[in-house]
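Source file: run-v4.txt. Holds: compact mmCIF, C-alpha atoms.
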```txt
# COMPACT_ATOMS: atom_id res chain seq x y z
CA MET A 1 210.65 96.92 95.79
CA ASN A 2 208.12 99.42 96.93
CA GLY A 3 206.51 99.44 93.55
CA GLU A 4 206.14 95.69 93.52
CA THR A 5 204.67 95.78 96.99
CA GLY A 6 202.07 98.43 96.06
CA THR A 7 201.14 96.50 92.96
CA GLY A 8 200.53 93.36 95.04
CA ARG A 9 198.38 95.23 97.50
CA SER A 10 196.27 96.75 94.77
CA THR A 11 195.74 93.35 93.19
CA ALA A 12 194.70 91.81 96.51
CA GLY A 13 192.29 94.68 97.21
CA GLY A 14 190.63 94.26 93.81
CA THR A 15 190.18 90.54 94.35
CA ALA A 16 188.51 91.18 97.74
CA ARG A 17 186.15 93.73 96.24
CA ALA A 18 185.20 91.28 93.49
CA LEU A 19 184.48 88.59 96.05
CA ARG A 20 182.32 90.97 98.10
CA ALA A 21 180.39 92.02 94.99
CA ALA A 22 179.82 88.39 94.00
CA ARG A 23 178.52 87.56 97.48
CA THR A 24 176.23 90.58 97.46
CA GLY A 25 174.77 89.48 94.13
CA GLU A 26 174.20 85.97 95.41
CA HIS A 27 172.39 87.33 98.47
CA ALA A 28 170.17 89.51 96.30
CA VAL A 29 169.29 86.56 94.05
CA ALA A 30 168.46 84.43 97.10
CA ARG A 31 166.20 87.16 98.49
CA ARG A 32 164.40 87.47 95.17
CA ARG A 33 163.89 83.72 95.04
CA ARG A 34 162.48 83.64 98.57
CA ARG A 35 160.07 86.45 97.73
CA ALA A 36 158.88 84.66 94.59
CA ALA A 37 158.38 81.44 96.54
CA ALA A 38 156.33 83.27 99.19
CA VAL A 39 154.16 84.91 96.52
CA LEU A 40 153.60 81.52 94.86
CA VAL A 41 152.58 79.88 98.13
CA LEU A 42 150.17 82.73 98.86
CA CYS A 43 148.57 82.39 95.43
CA LEU A 44 148.13 78.66 95.87
CA ALA A 45 146.53 79.20 99.28
CA LEU A 46 144.02 81.74 97.96
CA ALA A 47 143.16 79.85 94.78
CA PRO A 48 140.56 77.43 96.34
CA ALA A 49 138.66 80.36 97.89
CA LEU A 50 138.62 82.38 94.68
CA LEU A 51 137.71 79.66 92.18
CA PRO A 52 134.25 78.63 93.61
CA SER A 53 133.02 82.23 93.67
CA ALA A 54 134.10 82.73 90.07
CA ALA A 55 132.37 79.48 89.09
CA ALA A 56 129.22 80.49 90.97
CA HIS A 57 129.07 83.80 89.10
CA ALA A 58 129.58 82.07 85.81
CA ALA A 59 127.05 79.24 86.49
CA PRO A 60 123.82 81.17 85.68
CA ASP A 61 125.11 82.13 82.26
CA ILE A 62 126.12 78.55 81.43
CA THR A 63 122.76 77.19 82.65
CA ALA A 64 120.85 79.77 80.71
CA ALA A 65 122.80 78.95 77.57
CA SER A 66 122.43 75.17 77.94
CA ALA A 67 118.79 75.16 79.18
CA PRO A 68 116.62 77.20 76.87
CA TYR A 69 113.39 75.97 78.54
CA ALA A 70 114.38 76.97 82.09
CA THR A 71 112.05 79.32 83.89
CA ALA A 72 112.97 82.86 84.75
CA ALA A 73 113.15 81.96 88.46
CA ASP A 74 115.12 78.75 88.81
CA ALA A 75 113.79 78.29 92.38
CA THR A 76 110.57 76.79 90.96
CA PRO A 77 111.03 73.07 90.21
CA THR A 78 110.06 72.01 86.68
CA VAL A 79 109.68 68.63 84.99
CA ARG A 80 109.82 67.84 81.25
CA LEU A 81 109.20 64.52 79.46
CA SER A 82 110.73 63.26 76.25
CA ALA A 83 107.35 61.82 75.14
CA LYS A 84 103.74 62.47 76.09
CA GLU A 85 102.61 58.88 75.53
CA ALA A 86 104.17 55.44 75.75
CA GLY A 87 103.04 51.87 76.30
CA LYS A 88 103.84 49.46 79.07
CA GLY A 89 107.42 48.18 78.81
CA GLY A 90 108.76 51.33 77.17
CA THR A 91 110.78 54.15 78.68
CA VAL A 92 110.44 57.89 78.97
CA THR A 93 113.25 60.34 79.75
CA VAL A 94 112.47 62.77 82.56
CA THR A 95 114.48 65.99 82.93
CA GLY A 96 114.15 68.69 85.53
CA ARG A 97 115.46 72.14 86.43
CA GLY A 98 115.20 74.43 89.42
CA TRP A 99 115.52 71.76 92.11
CA ARG A 100 117.65 71.99 95.22
CA PRO A 101 121.29 71.02 94.52
CA LYS A 102 122.31 67.50 95.54
CA ALA A 103 118.70 66.61 96.43
CA LEU A 104 117.34 63.06 96.29
CA LEU A 105 114.17 62.78 94.17
CA THR A 106 111.67 60.00 93.39
CA LEU A 107 110.04 59.54 89.97
CA LEU A 108 106.66 57.77 89.79
CA ILE A 109 103.91 57.19 87.22
CA CYS A 110 100.57 57.77 88.97
CA GLY A 111 96.95 57.39 87.92
CA GLN A 112 93.98 59.69 88.56
CA ASN A 113 96.36 62.67 88.60
CA MET A 114 97.70 61.28 91.91
CA ILE A 115 94.47 62.04 93.76
CA GLY A 116 94.70 59.97 96.91
CA GLY A 117 98.48 60.08 97.30
CA THR A 118 101.04 57.48 96.34
CA ASN A 119 98.45 54.70 96.63
CA SER A 120 97.53 55.51 93.02
CA CYS A 121 101.17 55.24 91.78
CA ALA A 122 103.23 52.38 90.38
CA ASN A 123 105.62 52.42 93.34
CA GLY A 124 107.40 49.20 92.38
CA ASP A 125 108.57 50.64 89.06
CA GLY A 126 109.63 54.05 90.35
CA ARG A 127 113.15 55.44 90.12
CA ALA A 128 115.36 57.68 92.26
CA VAL A 129 117.76 60.39 91.08
CA THR A 130 120.07 62.96 92.67
CA THR A 131 120.28 66.47 91.28
CA ASP A 132 123.61 68.03 90.32
CA THR A 133 125.16 71.16 91.77
CA HIS A 134 122.88 73.31 89.57
CA GLY A 135 119.66 71.59 90.68
CA ALA A 136 119.14 69.72 87.38
CA PHE A 137 118.68 66.02 86.63
CA ARG A 138 118.05 63.60 83.76
CA ARG A 139 116.71 60.07 84.27
CA LYS A 140 115.04 57.33 82.23
CA LEU A 141 111.80 56.01 83.75
CA PRO A 142 110.26 52.66 82.71
CA VAL A 143 106.61 52.90 81.71
CA ALA A 144 104.30 50.89 83.98
CA GLU A 145 100.56 50.76 84.50
CA PRO A 146 99.52 52.40 87.78
CA PRO A 147 96.87 50.79 90.01
CA LYS A 148 94.40 53.57 89.21
CA PRO A 149 93.03 54.48 85.77
CA CYS A 150 94.27 57.47 83.80
CA PRO A 151 94.52 60.48 83.37
CA CYS A 152 98.09 59.80 84.53
CA VAL A 153 101.02 61.98 85.52
CA VAL A 154 104.73 61.61 86.17
CA HIS A 155 105.20 62.75 89.75
CA VAL A 156 108.60 63.97 90.99
CA ALA A 157 109.11 64.80 94.68
CA THR A 158 111.94 65.28 97.15
CA VAL A 159 112.73 62.54 99.65
CA THR A 160 114.67 64.50 102.28
CA GLY A 161 114.91 68.14 103.26
CA ALA A 162 112.36 70.76 102.31
CA ALA A 163 109.30 69.31 100.59
CA ALA A 164 108.98 70.08 96.88
CA ASP A 165 107.19 68.31 94.03
CA ALA A 166 106.23 68.75 90.40
CA GLU A 167 104.12 66.82 87.89
CA ALA A 168 103.89 66.40 84.13
CA ALA A 169 100.93 64.93 82.24
CA PHE A 170 101.58 61.52 80.67
CA LYS A 171 99.43 58.93 78.92
CA VAL A 172 100.00 55.20 79.33
CA ALA A 173 98.92 53.57 76.06
CA GLY A 174 96.38 50.77 76.61
CA HIS A 175 95.63 51.73 80.20
CA PRO A 176 91.95 52.39 81.06
CA VAL A 177 90.75 55.95 81.50
CA ALA A 178 88.09 57.01 84.01
CA PRO A 179 86.69 60.31 85.26
CA LEU A 180 88.58 61.89 88.13
CA PRO A 181 87.06 61.43 91.59
CA LYS A 182 86.13 64.44 93.61
CA GLU A 183 89.18 65.59 95.52
CA ARG A 184 88.73 65.97 99.23
CA THR A 185 88.59 69.48 100.53
CA GLY A 186 90.84 70.53 103.34
CA GLY A 187 94.13 69.43 101.87
CA ARG A 188 95.93 66.10 101.80
CA LEU A 189 97.73 65.31 105.03
CA ALA A 190 100.59 62.84 105.24
CA VAL A 191 102.82 61.82 108.14
CA LEU A 192 106.38 63.16 107.84
CA ALA A 193 108.00 61.87 111.07
CA GLN A 194 107.77 58.98 113.49
CA PRO A 195 104.83 59.41 115.90
CA ARG A 196 105.40 59.62 119.66
CA LEU A 197 103.38 58.90 122.78
CA THR A 198 104.29 61.35 125.54
CA GLY A 199 103.24 61.43 129.18
CA SER A 200 103.50 59.12 132.17
CA SER A 201 101.23 57.22 134.54
CA GLY A 202 100.52 58.50 138.04
CA LEU A 203 99.75 56.85 141.36
CA LEU A 204 96.04 56.54 140.57
CA THR A 205 96.85 54.54 137.43
CA TRP A 206 98.68 52.06 139.67
CA PHE A 207 95.34 51.54 141.40
CA GLY A 208 93.34 51.06 138.18
CA ALA A 209 92.68 54.62 136.95
CA PRO A 210 92.54 55.07 133.13
CA ALA A 211 95.99 55.42 131.52
CA GLN A 212 96.41 58.62 129.48
CA ARG A 213 98.95 59.67 126.87
CA GLU A 214 99.34 62.35 124.17
CA LEU A 215 99.91 61.29 120.55
CA ARG A 216 102.24 63.67 118.70
CA VAL A 217 102.41 63.41 114.91
CA THR A 218 104.14 65.71 112.41
CA VAL A 219 101.94 65.97 109.32
CA GLY A 220 102.44 67.78 106.04
CA ASN A 221 99.84 69.14 103.64
CA LEU A 222 100.53 67.74 100.16
CA GLY A 223 97.42 69.29 98.64
CA SER A 224 96.80 72.65 97.07
CA ALA A 225 94.31 73.87 99.69
CA PRO A 226 95.00 74.53 103.39
CA ALA A 227 93.69 72.04 105.94
CA LYS A 228 91.75 73.99 108.56
CA ASP A 229 90.69 72.31 111.83
CA PRO A 230 91.06 68.76 110.46
CA VAL A 231 89.08 65.96 112.11
CA PHE A 232 91.11 62.84 112.96
CA GLN A 233 90.01 59.43 114.18
CA VAL A 234 91.99 57.93 117.05
CA GLY A 235 91.59 54.24 117.77
CA THR A 236 92.99 51.85 120.39
CA SER A 237 93.07 48.07 119.99
CA HIS A 238 94.20 45.22 122.24
CA GLY A 239 95.38 41.88 120.92
CA VAL A 240 93.36 40.60 117.95
CA PHE A 241 90.42 42.92 118.54
CA ALA A 242 89.58 45.70 116.09
CA PRO A 243 90.32 49.27 117.19
CA GLU A 244 87.61 51.41 118.72
CA TRP A 245 87.60 54.76 116.85
CA ALA A 246 86.80 58.13 118.36
CA GLU A 247 86.73 61.40 116.40
CA GLN A 248 88.88 64.27 117.62
CA GLN A 249 89.20 67.69 116.00
CA TRP A 250 92.57 69.39 115.99
CA ARG A 251 92.35 73.16 116.28
CA GLY A 252 94.70 74.74 113.78
CA THR A 253 95.49 75.18 110.09
CA VAL A 254 98.09 73.37 107.98
CA PRO A 255 98.86 75.54 104.91
CA ALA A 256 99.44 73.93 101.54
CA GLY A 257 102.99 72.63 101.29
CA LYS A 258 103.66 73.21 105.00
CA LYS A 259 103.88 70.94 108.03
CA ALA A 260 102.62 71.09 111.60
CA GLU A 261 102.71 69.00 114.77
CA VAL A 262 99.36 67.53 115.75
CA ARG A 263 98.76 66.61 119.42
CA LEU A 264 95.80 64.42 120.32
CA PRO A 265 94.94 62.88 123.73
CA VAL A 266 94.61 59.10 124.04
CA GLU A 267 92.89 57.35 126.96
CA LEU A 268 92.35 53.67 127.80
CA PRO A 269 89.57 52.13 129.91
CA ALA A 270 90.00 51.78 133.67
CA GLY A 271 92.14 48.83 134.68
CA ALA A 272 93.50 48.27 131.15
CA HIS A 273 96.93 46.64 130.92
CA GLY A 274 98.97 44.79 128.32
CA ASP A 275 100.07 45.59 124.75
CA TYR A 276 97.88 48.13 122.96
CA LEU A 277 98.05 49.67 119.48
CA VAL A 278 97.16 53.33 118.91
CA SER A 279 96.03 54.16 115.35
CA LEU A 280 95.42 57.52 113.68
CA LYS A 281 93.11 57.82 110.70
CA TYR A 282 92.37 60.82 108.46
CA GLY A 283 90.03 60.86 105.50
CA GLY A 284 89.38 57.13 105.76
CA LYS A 285 93.10 56.30 105.57
CA VAL A 286 95.20 55.03 108.47
CA LEU A 287 98.18 57.36 108.82
CA VAL A 288 100.14 55.84 111.74
CA GLU A 289 100.07 52.94 114.17
CA GLN A 290 102.01 53.28 117.42
CA PRO A 291 102.41 50.44 119.98
CA TRP A 292 101.77 51.17 123.65
CA GLY A 293 102.70 48.85 126.50
CA VAL A 294 100.61 49.44 129.64
CA GLY A 295 101.74 48.01 132.99
CA ARG A 296 99.52 45.98 135.28
CA PRO A 297 97.72 47.95 138.08
CA TRP A 298 99.40 46.18 141.00
CA GLY A 299 97.62 48.43 143.48
CA VAL A 300 94.32 46.66 142.70
CA THR A 301 95.96 43.27 143.27
CA LEU A 302 97.38 44.46 146.59
CA PHE A 303 93.95 45.74 147.62
CA TRP A 304 92.28 42.37 146.97
CA VAL A 305 95.04 40.50 148.81
CA LEU A 306 94.61 42.73 151.87
CA LEU A 307 90.84 42.39 151.62
CA CYS A 308 91.10 38.59 151.62
CA ILE A 309 93.24 38.75 154.78
CA VAL A 310 91.52 41.51 156.77
CA VAL A 311 87.88 40.46 156.22
CA PRO A 312 88.27 36.83 157.43
CA THR A 313 90.30 38.04 160.41
CA ALA A 314 87.62 40.56 161.38
CA VAL A 315 84.84 37.98 161.00
CA PHE A 316 86.78 35.53 163.17
CA ARG A 317 87.32 38.13 165.92
CA ILE A 318 83.64 39.11 165.91
CA GLY A 319 82.56 35.47 166.06
CA MET A 320 84.84 34.73 168.99
CA ALA A 321 83.51 37.76 170.87
CA LEU A 322 79.91 36.57 170.36
CA VAL A 323 80.76 33.07 171.46
CA ASP A 324 82.44 34.36 174.63
CA ARG A 325 79.38 36.47 175.41
CA VAL A 326 76.67 33.83 174.95
CA ARG A 327 78.39 30.70 176.40
CA PRO A 328 77.28 29.64 179.99
CA HIS A 329 79.56 30.37 182.99
CA GLY A 330 80.70 27.81 185.60
CA PRO A 331 79.70 27.89 189.38
CA GLY A 332 82.85 29.73 190.38
CA ARG A 333 82.91 32.12 187.37
CA GLY A 334 79.74 34.14 187.88
CA ARG A 335 79.44 37.86 187.82
CA SER A 336 79.11 38.02 191.63
CA GLU A 337 82.60 36.62 191.86
CA GLY A 338 84.10 40.01 191.41
CA ARG A 339 82.10 41.42 194.36
CA THR A 340 84.20 39.50 196.88
CA HIS A 341 87.30 41.48 196.01
CA PRO A 342 86.66 44.37 198.44
CA PRO A 343 86.52 42.02 201.48
CA ALA A 344 89.73 40.46 200.24
CA ARG A 345 91.36 43.89 200.23
CA GLY A 346 90.08 44.49 203.73
CA HIS A 347 91.39 41.12 204.85
CA ALA A 348 94.79 41.92 203.45
CA ALA A 349 94.79 45.16 205.37
CA GLY A 350 93.81 43.24 208.50
CA ARG A 351 96.71 40.90 208.03
CA ARG A 352 99.07 43.84 207.87
CA SER A 353 97.69 45.10 211.19
CA GLY A 354 98.75 41.94 212.96
CA ALA A 355 98.28 38.20 213.20
CA ALA A 356 96.19 38.44 216.38
CA GLY A 357 93.46 40.46 214.76
CA THR A 358 93.31 38.09 211.86
CA GLY A 359 92.94 35.07 214.10
CA GLN A 360 90.22 36.79 216.11
CA ARG A 361 88.16 37.43 212.97
CA ILE A 362 88.60 33.86 211.82
CA ARG A 363 87.41 32.46 215.16
CA ASN A 364 84.43 34.79 215.24
CA ARG A 365 83.14 33.72 211.81
CA THR A 366 79.91 31.82 211.94
CA PRO A 367 79.43 28.54 210.07
CA ARG A 368 76.85 30.21 207.79
CA ALA A 369 79.43 32.77 206.61
CA ARG A 370 81.95 30.00 206.00
CA ASP A 371 79.40 28.09 203.99
CA MET A 372 78.50 31.12 201.85
CA ALA A 373 82.11 31.86 201.01
CA GLY A 374 83.17 30.05 197.91
CA PRO A 375 86.28 27.98 197.67
CA GLY A 376 87.81 30.58 195.39
CA THR A 377 87.50 33.50 197.83
CA PRO A 378 91.03 34.73 198.56
CA GLY A 379 92.04 35.23 202.21
CA ASP A 380 89.20 33.07 203.69
CA GLY A 381 90.03 30.41 206.31
CA ALA A 382 87.45 27.93 204.90
CA ALA A 383 90.11 26.35 202.76
CA LEU A 384 92.26 25.42 205.84
CA PRO A 385 91.81 21.98 207.53
CA TRP A 386 89.91 23.10 210.68
CA PHE A 387 88.98 20.48 213.16
CA THR A 388 86.41 20.29 215.97
CA PRO A 389 87.49 19.55 219.54
CA ASP A 390 86.10 15.98 219.31
CA THR A 391 88.01 15.12 216.18
CA ALA A 392 91.28 16.81 217.00
CA PRO A 393 94.20 14.40 217.34
CA SER A 394 95.35 13.57 220.88
CA THR A 395 98.27 15.44 222.21
CA THR A 396 99.67 12.41 223.93
CA THR A 397 99.63 10.35 220.81
CA SER A 398 101.03 12.99 218.51
CA THR A 399 103.37 15.07 220.63
CA GLU A 400 104.58 12.79 223.39
CA ARG A 401 108.13 11.78 222.92
CA PRO A 402 109.14 8.17 223.57
CA THR A 403 111.07 7.54 226.77
CA SER A 404 114.47 6.22 226.60
CA LYS A 405 115.16 2.72 227.82
CA GLY A 406 115.76 2.52 231.55
CA SER A 407 114.16 5.88 232.37
CA ALA A 408 111.22 6.20 234.76
```

Any chance you could give the structure as structure tokens?
Amino acid sequence: MNGETGTGRSTAGGTARALRAARTGEHAVARRRRRAAAVLVLCLALAPALLPSAAAHAAPDITAASAPYATAADATPTVRLSAKEAGKGGTVTVTGRGWRPKALLTLLICGQNMIGGTNSCANGDGRAVTTDTHGAFRRKLPVAEPPKPCPCVVHVATVTGAAADAEAAFKVAGHPVAPLPKERTGGRLAVLAQPRLTGSSGLLTWFGAPAQRELRVTVGNLGSAPAKDPVFQVGTSHGVFAPEWAEQQWRGTVPAGKKAEVRLPVELPAGAHGDYLVSLKYGGKVLVEQPWGVGRPWGVTLFWVLLCIVVPTAVFRIGMALVDRVRPHGPGRGRSEGRTHPPARGHAAGRRSGAAGTGQRIRNRTPRARDMAGPGTPGDGAALPWFTPDTAPSTTTSTERPTSKGSA
């Protein structure tokens, strides 16, 4: 019995050890799987950051192999044509290298070697193209006759961002050829941003003083020579009238291929109001036109309204004063009328002293003094109904009371 029991215990112990070993192996496999999954996730997370750098290092070699005519420094834009000559209605393939990646470019056929700007180009038949990530492009351009005679060029320039351009000689078959005009010295200036009028009107402008502003324009030099102290023409126009031009010199230098902000003062005549147009001209070409709305000088209107009220009022007051001075006075309104006031004050004082004294003075007045005193003299007894002894009413007739019937 003991032997069977020992055998059973040994068998049970071996089974338990096998189960523990199996569980340990499963745990190890699970840990290895978790580690592999973590490593895989880490690799996937780092892959987007590693791939662009590898592609960037490999890009110059690919470009060099696929573009045998690229310049040593790819930063310089270049243009190449599939044909040097073509007639109107045909096409020419334009390719370029060394441009800014993902830049928008314009392709134009221009006459007179583009002297005078885009006014000498066939703008209606131009094309636009966007460069790839390597700064290269390829575009077919229809052949059109420019408004100016040849020699002609294919002009490529950037639309946005840093200014860059390049040209390639091209001949339009059948288009007239003329000698090149003399190019203006001092560079070719063009407006690169919307002009602005800065400044504000003060209190004096509200009363008719000249309105003043400052015209700010960002210009770029498209020529090969720097523009030093350029002379601009600033004009202001109102309504249908032509602008009045005035020359102004800007102190500064605009290098070739660079830009600068030009600030020029603008002034209107005194009392000007309404809608005005400010124009800027350089080299005989109008660069910008900026509207300017000027408010009405209401201070001047207020001044005239007050003048129309104050002046008639003052004239009326002066006239009434003159009339009051020169008109004749009545018998009781003379200048000697005021001289009787002191006796009146004395008479008032006498009345305060007592009624007896007043009556005594009145009885002692002579008829001549009563006659000289005017009816308007205050305090005089001449205005009272005095009677003489002969004309006084009888006492018996006025004061006697009637006797009652039957009395003696």

Between A:Val286, A:Ala103, A:Ala162, A:Leu280, which residue has the minimum interatomic distance to Thr133 (chain A), considering only C-alpha atoms? A:Ala103

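With distances taken over all atoms listed in the file, A:Leu197 is the one residue among A:Ala314, A:Leu197, A:Ala209, A:Val326 lying closest to Leu264 (chain A).
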
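The nearest approach to Val153 (chain A) among the residues A:Ser82, A:Thr253, A:Ser120, A:Asn113, with only C-alpha atoms taken into account, belongs to A:Asn113.
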
In Å, with one decimal, what is the gap from CA of Glu247 (chain A) to CA of Val294 (chain A)?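 So the two atoms, CA of Glu247 (chain A) and CA of Val294 (chain A), lie 22.6 Å apart.
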
Work out how far CA of Ser200 (chain A) is from CA of Val262 (chain A), in Å to one decimal. 18.9 Å

Complete the atoms of region 121-130 of chain A to all heavy atoms and put them out as an mmCIF file, in the coordinates of the input.
```
data_model
loop_
_atom_site.group_PDB
_atom_site.id
_atom_site.type_symbol
_atom_site.label_atom_id
_atom_site.label_comp_id
_atom_site.auth_asym_id
_atom_site.auth_seq_id
_atom_site.Cartn_x
_atom_site.Cartn_y
_atom_site.Cartn_z
ATOM 1 N N CYS A 121 99.949 55.233 92.587
ATOM 2 C CA CYS A 121 101.170 55.240 91.780
ATOM 3 C C CYS A 121 101.742 53.838 91.646
ATOM 4 O O CYS A 121 101.506 52.971 92.497
ATOM 5 C CB CYS A 121 102.224 56.175 92.385
ATOM 6 S SG CYS A 121 101.677 57.883 92.588
ATOM 7 N N ALA A 122 102.509 53.636 90.579
ATOM 8 C CA ALA A 122 103.230 52.380 90.380
ATOM 9 C C ALA A 122 104.542 52.457 91.169
ATOM 10 O O ALA A 122 105.608 52.746 90.608
ATOM 11 C CB ALA A 122 103.470 52.139 88.891
ATOM 12 N N ASN A 123 104.459 52.221 92.467
ATOM 13 C CA ASN A 123 105.620 52.420 93.340
ATOM 14 C C ASN A 123 106.734 51.416 93.059
ATOM 15 O O ASN A 123 107.913 51.730 93.235
ATOM 16 C CB ASN A 123 105.180 52.308 94.808
ATOM 17 C CG ASN A 123 104.165 53.371 95.197
ATOM 18 O OD1 ASN A 123 104.373 54.544 94.940
ATOM 19 N ND2 ASN A 123 103.063 52.963 95.808
ATOM 20 N N GLY A 124 106.378 50.202 92.627
ATOM 21 C CA GLY A 124 107.400 49.200 92.380
ATOM 22 C C GLY A 124 108.274 49.486 91.178
ATOM 23 O O GLY A 124 109.397 48.960 91.091
ATOM 24 N N ASP A 125 107.806 50.307 90.262
ATOM 25 C CA ASP A 125 108.570 50.640 89.060
ATOM 26 C C ASP A 125 109.100 52.068 89.080
ATOM 27 O O ASP A 125 109.485 52.601 88.033
ATOM 28 C CB ASP A 125 107.689 50.450 87.810
ATOM 29 C CG ASP A 125 107.247 49.007 87.641
ATOM 30 O OD1 ASP A 125 108.140 48.133 87.560
ATOM 31 O OD2 ASP A 125 106.030 48.749 87.624
ATOM 32 N N GLY A 126 109.102 52.705 90.241
ATOM 33 C CA GLY A 126 109.630 54.050 90.350
ATOM 34 C C GLY A 126 111.150 54.066 90.322
ATOM 35 O O GLY A 126 111.824 53.027 90.424
ATOM 36 N N ARG A 127 111.702 55.250 90.178
ATOM 37 C CA ARG A 127 113.150 55.440 90.120
ATOM 38 C C ARG A 127 113.532 56.601 91.025
ATOM 39 O O ARG A 127 112.712 57.455 91.370
ATOM 40 C CB ARG A 127 113.626 55.714 88.685
ATOM 41 C CG ARG A 127 113.489 54.524 87.746
ATOM 42 C CD ARG A 127 114.435 53.403 88.154
ATOM 43 N NE ARG A 127 114.391 52.280 87.231
ATOM 44 C CZ ARG A 127 113.605 51.225 87.385
ATOM 45 N NH1 ARG A 127 112.772 51.163 88.424
ATOM 46 N NH2 ARG A 127 113.629 50.241 86.508
ATOM 47 N N ALA A 128 114.806 56.604 91.433
ATOM 48 C CA ALA A 128 115.360 57.680 92.260
ATOM 49 C C ALA A 128 116.503 58.338 91.508
ATOM 50 O O ALA A 128 117.216 57.682 90.736
ATOM 51 C CB ALA A 128 115.841 57.147 93.605
ATOM 52 N N VAL A 129 116.702 59.632 91.747
ATOM 53 C CA VAL A 129 117.760 60.390 91.080
ATOM 54 C C VAL A 129 118.223 61.490 92.017
ATOM 55 O O VAL A 129 117.441 61.987 92.844
ATOM 56 C CB VAL A 129 117.252 60.973 89.734
ATOM 57 C CG1 VAL A 129 116.153 61.993 89.971
ATOM 58 C CG2 VAL A 129 118.397 61.582 88.946
ATOM 59 N N THR A 130 119.490 61.865 91.892
ATOM 60 C CA THR A 130 120.070 62.960 92.670
ATOM 61 C C THR A 130 120.415 64.114 91.748
ATOM 62 O O THR A 130 121.050 63.909 90.700
ATOM 63 C CB THR A 130 121.334 62.486 93.416
ATOM 64 O OG1 THR A 130 120.993 61.375 94.242
ATOM 65 C CG2 THR A 130 121.898 63.598 94.285
#
```
